[in-house]
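Coordinates as given in model22.tsv (TSV, C-alpha atoms):
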chain	number	residue	atom	x	y	z
A	524	MET	CA	0.00	0.00	0.00
A	525	SER	CA	1.28	3.49	-0.87
A	526	GLY	CA	1.69	6.18	1.72
A	527	ARG	CA	-0.95	8.27	0.00
A	528	PRO	CA	-4.28	8.98	1.68
A	529	MET	CA	-7.11	6.67	0.61
A	530	LEU	CA	-10.57	8.18	0.26
A	531	TYR	CA	-13.73	6.07	0.58
A	532	TYR	CA	-16.88	7.56	-0.93
A	533	LEU	CA	-19.11	7.59	-3.99
A	534	ASN	CA	-17.66	8.66	-7.34
A	535	GLY	CA	-19.18	12.08	-6.88
A	536	ARG	CA	-18.90	15.31	-4.96
A	537	GLY	CA	-20.96	15.20	-1.78
A	538	ARG	CA	-19.14	15.68	1.48
A	539	MET	CA	-15.90	14.25	0.12
A	540	GLU	CA	-15.36	17.00	-2.45
A	541	SER	CA	-14.13	19.57	0.09
A	542	ILE	CA	-11.61	16.97	1.29
A	543	ARG	CA	-10.41	16.45	-2.28
A	544	TRP	CA	-10.06	20.21	-2.67
A	545	LEU	CA	-8.03	20.63	0.50
A	546	LEU	CA	-5.66	17.75	-0.24
A	547	THR	CA	-5.18	19.16	-3.73
A	548	VAL	CA	-4.29	22.61	-2.45
A	549	ALA	CA	-1.89	21.01	0.05
A	550	GLU	CA	-0.40	19.23	-3.00
A	551	VAL	CA	-1.01	15.79	-1.53
A	552	ASP	CA	-1.65	12.95	-3.98
A	553	PHE	CA	-4.46	10.61	-2.94
A	554	ASP	CA	-6.22	7.47	-4.11
A	555	GLU	CA	-9.91	6.67	-3.97
A	556	VAL	CA	-12.16	3.68	-3.42
A	557	TYR	CA	-15.57	4.32	-4.94
A	558	LEU	CA	-18.58	2.74	-3.27
A	559	THR	CA	-20.79	1.30	-5.99
A	560	SER	CA	-22.68	-1.42	-4.12
A	561	ARG	CA	-24.47	-1.93	-0.83
A	562	ASP	CA	-22.11	-4.82	-0.04
A	563	GLN	CA	-19.05	-2.56	-0.10
A	564	TYR	CA	-20.65	-0.24	2.41
A	565	LEU	CA	-21.77	-3.11	4.65
A	566	LYS	CA	-18.22	-4.51	4.56
A	567	LEU	CA	-16.86	-1.20	5.88
A	568	LEU	CA	-19.47	-1.34	8.65
A	569	SER	CA	-18.66	-4.93	9.58
A	570	ASP	CA	-14.94	-4.14	9.65
A	571	GLY	CA	-15.59	-1.38	12.18
A	572	ALA	CA	-14.05	1.24	9.90
A	573	LEU	CA	-16.92	3.72	10.22
A	574	MET	CA	-17.21	5.10	13.74
A	575	PHE	CA	-20.65	6.61	13.12
A	576	GLN	CA	-21.67	4.23	10.33
A	577	GLN	CA	-21.25	6.81	7.59
A	578	VAL	CA	-18.79	8.08	5.02
A	579	PRO	CA	-16.69	9.96	3.98
A	580	MET	CA	-13.81	8.02	5.45
A	581	VAL	CA	-10.14	8.78	4.86
A	582	GLU	CA	-7.22	6.52	5.65
A	583	ILE	CA	-4.23	8.73	6.43
A	584	ASP	CA	-1.18	8.45	8.67
A	585	GLY	CA	-2.27	5.01	9.88
A	586	MET	CA	-5.70	6.26	10.95
A	587	LYS	CA	-9.22	5.84	9.62
A	588	LEU	CA	-10.79	9.28	9.92
A	589	VAL	CA	-14.51	9.97	9.67
A	590	GLN	CA	-16.71	13.05	10.03
A	591	THR	CA	-16.05	15.66	7.35
A	592	LYS	CA	-15.11	18.55	9.63
A	593	ALA	CA	-12.72	16.41	11.64
A	594	ILE	CA	-11.02	15.24	8.45
A	595	LEU	CA	-10.76	18.77	7.09
A	596	ASN	CA	-9.36	20.08	10.37
A	597	TYR	CA	-6.74	17.32	10.47
A	598	ILE	CA	-5.59	18.07	6.93
A	599	ALA	CA	-5.58	21.82	7.58
A	600	GLU	CA	-3.48	21.41	10.73
A	601	LYS	CA	-1.09	18.93	9.11
A	602	TYR	CA	-0.43	21.13	6.08
A	603	ASN	CA	-0.38	24.54	7.76
A	604	LEU	CA	-3.74	25.70	6.40
A	605	HIS	CA	-5.39	26.46	9.74
A	606	GLY	CA	-3.92	29.77	10.89
A	607	LYS	CA	-1.03	30.70	13.12
A	608	ASP	CA	-2.84	30.85	16.47
A	609	ILE	CA	-6.13	30.09	18.21
A	610	LYS	CA	-7.70	33.43	17.24
A	611	ASP	CA	-6.95	32.81	13.58
A	612	ARG	CA	-8.29	29.28	13.83
A	613	VAL	CA	-11.62	30.31	15.30
A	614	MET	CA	-12.12	32.88	12.53
A	615	ILE	CA	-11.12	30.32	9.90
A	616	ASN	CA	-13.59	27.84	11.40
A	617	MET	CA	-16.43	30.37	11.34
A	618	TYR	CA	-15.82	31.29	7.70
A	619	SER	CA	-15.48	27.61	6.81
A	620	GLU	CA	-18.76	26.78	8.53
A	621	GLY	CA	-20.51	29.53	6.57
A	622	ALA	CA	-19.22	28.23	3.26
A	623	MET	CA	-20.18	24.69	4.25
A	624	ASP	CA	-23.72	25.82	5.14
A	625	LEU	CA	-24.22	27.03	1.58
A	626	MET	CA	-22.59	24.00	0.00
A	627	GLU	CA	-24.72	21.61	2.03
A	628	MET	CA	-27.87	23.34	0.79
A	629	ILE	CA	-26.68	22.80	-2.78
A	630	MET	CA	-25.74	19.17	-2.06
A	631	LYS	CA	-29.29	18.47	-0.88
A	632	LEU	CA	-30.88	19.80	-4.07
A	633	PRO	CA	-31.16	16.39	-5.81
A	634	LEU	CA	-33.23	15.16	-2.87
A	635	SER	CA	-35.52	18.20	-2.75
A	636	ALA	CA	-39.20	17.66	-3.51
A	637	ASP	CA	-39.53	21.24	-4.80
A	638	LYS	CA	-36.24	22.10	-6.50
A	639	LYS	CA	-37.44	25.50	-7.73
A	640	ALA	CA	-38.27	26.62	-4.20
A	641	ALA	CA	-35.02	25.18	-2.89
A	642	LEU	CA	-33.01	27.08	-5.50
A	643	GLU	CA	-34.81	30.32	-4.64
A	644	THR	CA	-34.00	29.81	-0.96
A	645	ILE	CA	-30.34	29.12	-1.66
A	646	GLU	CA	-29.97	32.18	-3.89
A	647	SER	CA	-31.69	34.42	-1.37
A	648	LYS	CA	-29.60	33.21	1.55
A	649	ALA	CA	-26.40	33.43	-0.48
A	650	LYS	CA	-27.04	37.04	-1.47
A	651	GLU	CA	-28.47	38.27	1.83
A	652	ARG	CA	-26.71	36.26	4.52
A	653	TYR	CA	-23.45	34.70	3.37
A	654	LEU	CA	-21.84	36.54	0.45
A	655	PRO	CA	-22.04	39.96	2.17
A	656	VAL	CA	-19.94	38.55	5.03
A	657	PHE	CA	-17.25	37.29	2.66
A	658	GLU	CA	-17.37	40.50	0.61
A	659	LYS	CA	-16.67	42.56	3.73
A	660	ALA	CA	-13.85	40.25	4.85
A	661	LEU	CA	-12.17	40.40	1.43
A	662	THR	CA	-12.47	44.14	0.83
A	663	GLY	CA	-8.75	44.88	1.04
A	664	PRO	CA	-7.24	41.62	2.34
A	665	ILE	CA	-6.05	38.99	-0.14
A	666	TYR	CA	-7.18	36.10	2.07
A	667	LEU	CA	-9.93	35.74	4.66
A	668	VAL	CA	-7.74	35.46	7.76
A	669	GLY	CA	-4.26	36.64	8.69
A	670	GLY	CA	-3.09	37.46	5.18
A	671	LYS	CA	-2.37	33.78	4.56
A	672	LEU	CA	-4.02	30.99	2.58
A	673	SER	CA	-6.19	28.77	4.79
A	674	CYS	CA	-8.77	26.03	4.48
A	675	ALA	CA	-11.47	28.71	4.71
A	676	ASP	CA	-10.24	30.25	1.45
A	677	VAL	CA	-10.28	26.85	-0.24
A	678	GLN	CA	-13.83	26.16	0.91
A	679	LEU	CA	-15.02	29.61	-0.13
A	680	LEU	CA	-13.60	29.08	-3.62
A	681	GLU	CA	-15.35	25.71	-3.87
A	682	CYS	CA	-18.56	27.31	-2.62
A	683	THR	CA	-18.50	30.21	-5.09
A	684	LEU	CA	-17.88	27.85	-8.00
A	685	MET	CA	-20.85	25.74	-6.92
A	686	LEU	CA	-23.03	28.83	-6.65
A	687	GLU	CA	-22.06	30.00	-10.12
A	688	GLU	CA	-23.03	26.61	-11.56
A	689	LYS	CA	-26.57	27.21	-10.31
A	690	PHE	CA	-26.72	31.00	-10.54
A	691	PRO	CA	-24.44	32.41	-13.25
A	692	GLY	CA	-23.57	36.01	-12.46
A	693	ILE	CA	-24.38	35.73	-8.75
A	694	LEU	CA	-21.01	37.29	-7.86
A	695	ALA	CA	-21.66	40.43	-9.91
A	696	GLY	CA	-22.72	42.29	-6.80
A	697	PHE	CA	-19.74	41.04	-4.81
A	698	PRO	CA	-16.61	42.33	-6.61
A	699	SER	CA	-14.17	41.50	-3.82
A	700	VAL	CA	-15.34	37.88	-3.72
A	701	LYS	CA	-15.12	37.72	-7.52
A	702	SER	CA	-11.56	39.08	-7.46
A	703	PHE	CA	-10.66	36.60	-4.73
A	704	GLN	CA	-11.99	33.78	-6.87
A	705	GLY	CA	-9.82	34.91	-9.76
A	706	ARG	CA	-6.70	35.02	-7.59
A	707	MET	CA	-7.40	31.58	-6.17
A	708	ARG	CA	-7.82	30.13	-9.66
A	709	MET	CA	-4.24	31.20	-10.43
A	710	ILE	CA	-2.72	29.01	-7.69
A	711	PRO	CA	-1.03	26.22	-9.70
A	712	ALA	CA	-2.57	23.30	-7.77
A	713	ILE	CA	-6.03	24.84	-8.11
A	714	SER	CA	-5.54	25.64	-11.78
A	715	ARG	CA	-4.68	21.99	-12.42
A	716	PHE	CA	-7.65	20.78	-10.35
A	717	LEU	CA	-10.01	22.87	-12.47
A	718	GLN	CA	-8.81	21.27	-15.70
A	719	PRO	CA	-10.66	18.38	-17.39
A	720	GLY	CA	-9.36	15.00	-16.30
A	721	SER	CA	-8.51	16.03	-12.74
A	722	LYS	CA	-9.93	14.35	-9.63
A	723	ARG	CA	-12.53	17.09	-9.27
A	724	LYS	CA	-16.01	15.63	-9.64
A	725	PRO	CA	-18.77	16.98	-11.91
A	726	GLN	CA	-22.18	18.11	-10.74
A	727	PRO	CA	-24.26	15.16	-9.49
A	728	ASP	CA	-26.59	13.49	-11.96
A	729	GLU	CA	-29.37	10.92	-11.81
A	730	LYS	CA	-26.91	8.03	-12.09
A	731	LEU	CA	-25.05	9.19	-8.98
A	732	LEU	CA	-28.30	9.68	-7.08
A	733	LYS	CA	-29.40	6.16	-8.00
A	734	THR	CA	-26.07	4.73	-6.80
A	735	ALA	CA	-26.28	6.67	-3.52
A	736	MET	CA	-29.80	5.40	-2.89
A	737	GLU	CA	-28.69	1.82	-3.48
A	738	VAL	CA	-25.47	1.97	-1.45
A	739	PHE	CA	-27.01	3.72	1.54
A	740	ASN	CA	-30.51	2.22	1.23
A	741	ILE	CA	-32.14	5.62	0.85
A	742	THR	CA	-35.84	5.93	0.08
A	743	LEU	CA	-37.60	9.06	-1.08
A	744	PRO	CA	-39.14	11.28	0.07
A	745	LEU	CA	-36.85	11.71	3.03
A	746	PRO	CA	-38.55	12.05	6.43

Could you show the structure in this file as structure tokens?
Amino acid sequence: MSGRPMLYYLNGRGRMESIRWLLTVAEVDFDEVYLTSRDQYLKLLSDGALMFQQVPMVEIDGMKLVQTKAILNYIAEKYNLHGKDIKDRVMINMYSEGAMDLMEMIMKLPLSADKKAALETIESKAKERYLPVFEKALTGPIYLVGGKLSCADVQLLECTLMLEEKFPGILAGFPSVKSFQGRMRMIPAISRFLQPGSKRKPQPDEKLLKTAMEVFNITLPLP
């Protein structure tokens, strides 16, 4: 087995995509095991690999890590993407949580009974609650916290790209966020990740939803 991290998830974005992004920015090569059957998932459960019976799961440094935020925090700490002190870290965590809030709303879209209403809610919250915070933080500074690249910047870039897929032009009213996005795109590791053929996953489709429902025994509508 190589010393590279091993990622266990579906062959799609979901909660693993932010982990892929952060490893990419840290310039860490990784391998992936895609769950395509219920039996694979049940095998992970029977092996005791999933502490809370859910993925994503990442094997790294001899550990099997679960829970997305815990995994992200470990990677950020290991690769110096989590600020220089506790005050930086708490700000980074708050910005990261805000970006994750928005991304989770977008992730849930395929399972929404009323997708039009869900999209309207996401756009409204993005424009009124979240993007103004990031616009203020980036008016002047190059990065969100401490003048240094952090996991919060990586997650905000991922978030803005996801928003633009659903709402082209949504950043028009947020010029500092738009400029930030352009600067982030120029980072070599990010530029490569945005190219066709990289490990970045496309937007979810019906095939991925069907696989997820089979692997995790999901029935719709959700309770």

For a cut-off of 12 Å around (2.1, 4.4, -3.2), file coordinates, pick out all residues using all atoms listed in the file and list them as a PyMOL selection string.
chain A and resi 524-529+551-554

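Reported to one decimal place, the separation of CA of Lys638 in chain A from CA of Glu687 in chain A is 16.6 Å.
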
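Using only C-alpha atoms, the smallest distance between any of A:Ala622, A:Ile594, A:Leu632, A:Ala641 and Phe657 in chain A comes from A:Ala622.
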
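Each of A:Leu680, A:Met630, A:Leu686, A:Ile598 was compared to Glu550 in chain A using only C-alpha atoms, and A:Ile598 turns out to be the nearest.
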
Using the file's own x, y and z axes, so that the box edges lie along x, y and z, what centre and edge lengths in Å (one decimal) does a box around every listed atom of range 589-607 of chain A get when 6 Å is added on each side? Give it as lines of an AutoDock Vina configuration file.
center_x = -8.5
center_y = 20.3
center_z = 9.6
size_x = 28.3
size_y = 32.7
size_z = 19.0

Residues near Arg543 in chain A, cut-off 9 Å, only C-alpha atoms, skip fewer than 2 positions along chain, as JSON, numbers by chain
{"A": [530, 536, 539, 540, 541, 545, 546, 547, 548, 553, 722, 723]}

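Considering all atoms listed in the file, the residue among A:Gln704, A:Thr644, A:Ser721, A:Ser699 positioned nearest to Lys659 in chain A is A:Ser699.
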
Enter the distance from CA of Thr662 in chain A to CA of Gly696 in chain A, in Å, rounded to one decimal.
12.9 Å

Coordinates-based distance that separates CA of Leu567 in chain A from CA of Val738 in chain A (Å, one decimal):
11.7 Å

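Minimum atom-to-atom distance to Lys587 in chain A, evaluated using all atoms listed in the file, belongs to A:Tyr531 out of A:Tyr531, A:Phe716, A:Tyr602, A:Phe697.
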
Could you pull the residues within 9 Å of Phe739 in chain A, counting all atoms listed in the file, minus those fewer than 2 positions along the same chain, as a VMD selection string?
chain A and resid 560 to 561 564 577 734 to 737 741

At a cut-off of 8 Å, using all atoms listed in the file, what residues contact range 610-612 of chain A? Leave out same-chain residues fewer than 5 positions from it and give the result as a PDB file with C-alpha atoms, in the frame of the given file.
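Produced file part-v8.pdb, reproduced below:
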ATOM      1  CA  HIS A 605      -5.390  26.460   9.740  1.00  0.00           C
ATOM      2  CA  VAL A 668      -7.740  35.460   7.760  1.00  0.00           C
ATOM      3  CA  GLY A 669      -4.260  36.640   8.690  1.00  0.00           C
TER       4      GLY A 669
END

Could you name the residues that touch Pro579 in chain A at 7 Å or less, counting only C-alpha atoms, but leaving out those on the same chain fewer than 6 positions away, as number ranges by chain?
A: 531-532, 538-539, 589-591

With distances taken over all atoms listed in the file, the candidate from A:Tyr653, A:Phe703, A:Tyr618, A:Phe690 nearest Ile665 in chain A is A:Phe703

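Shell of Ala675 in chain A at 8 Å, with all atoms listed in the file counted and residues fewer than 3 places along the chain excluded, is Ile615, Asn616, Tyr618, Ser619, Ala622, Leu667, Gln678 and Leu679 of chain A.
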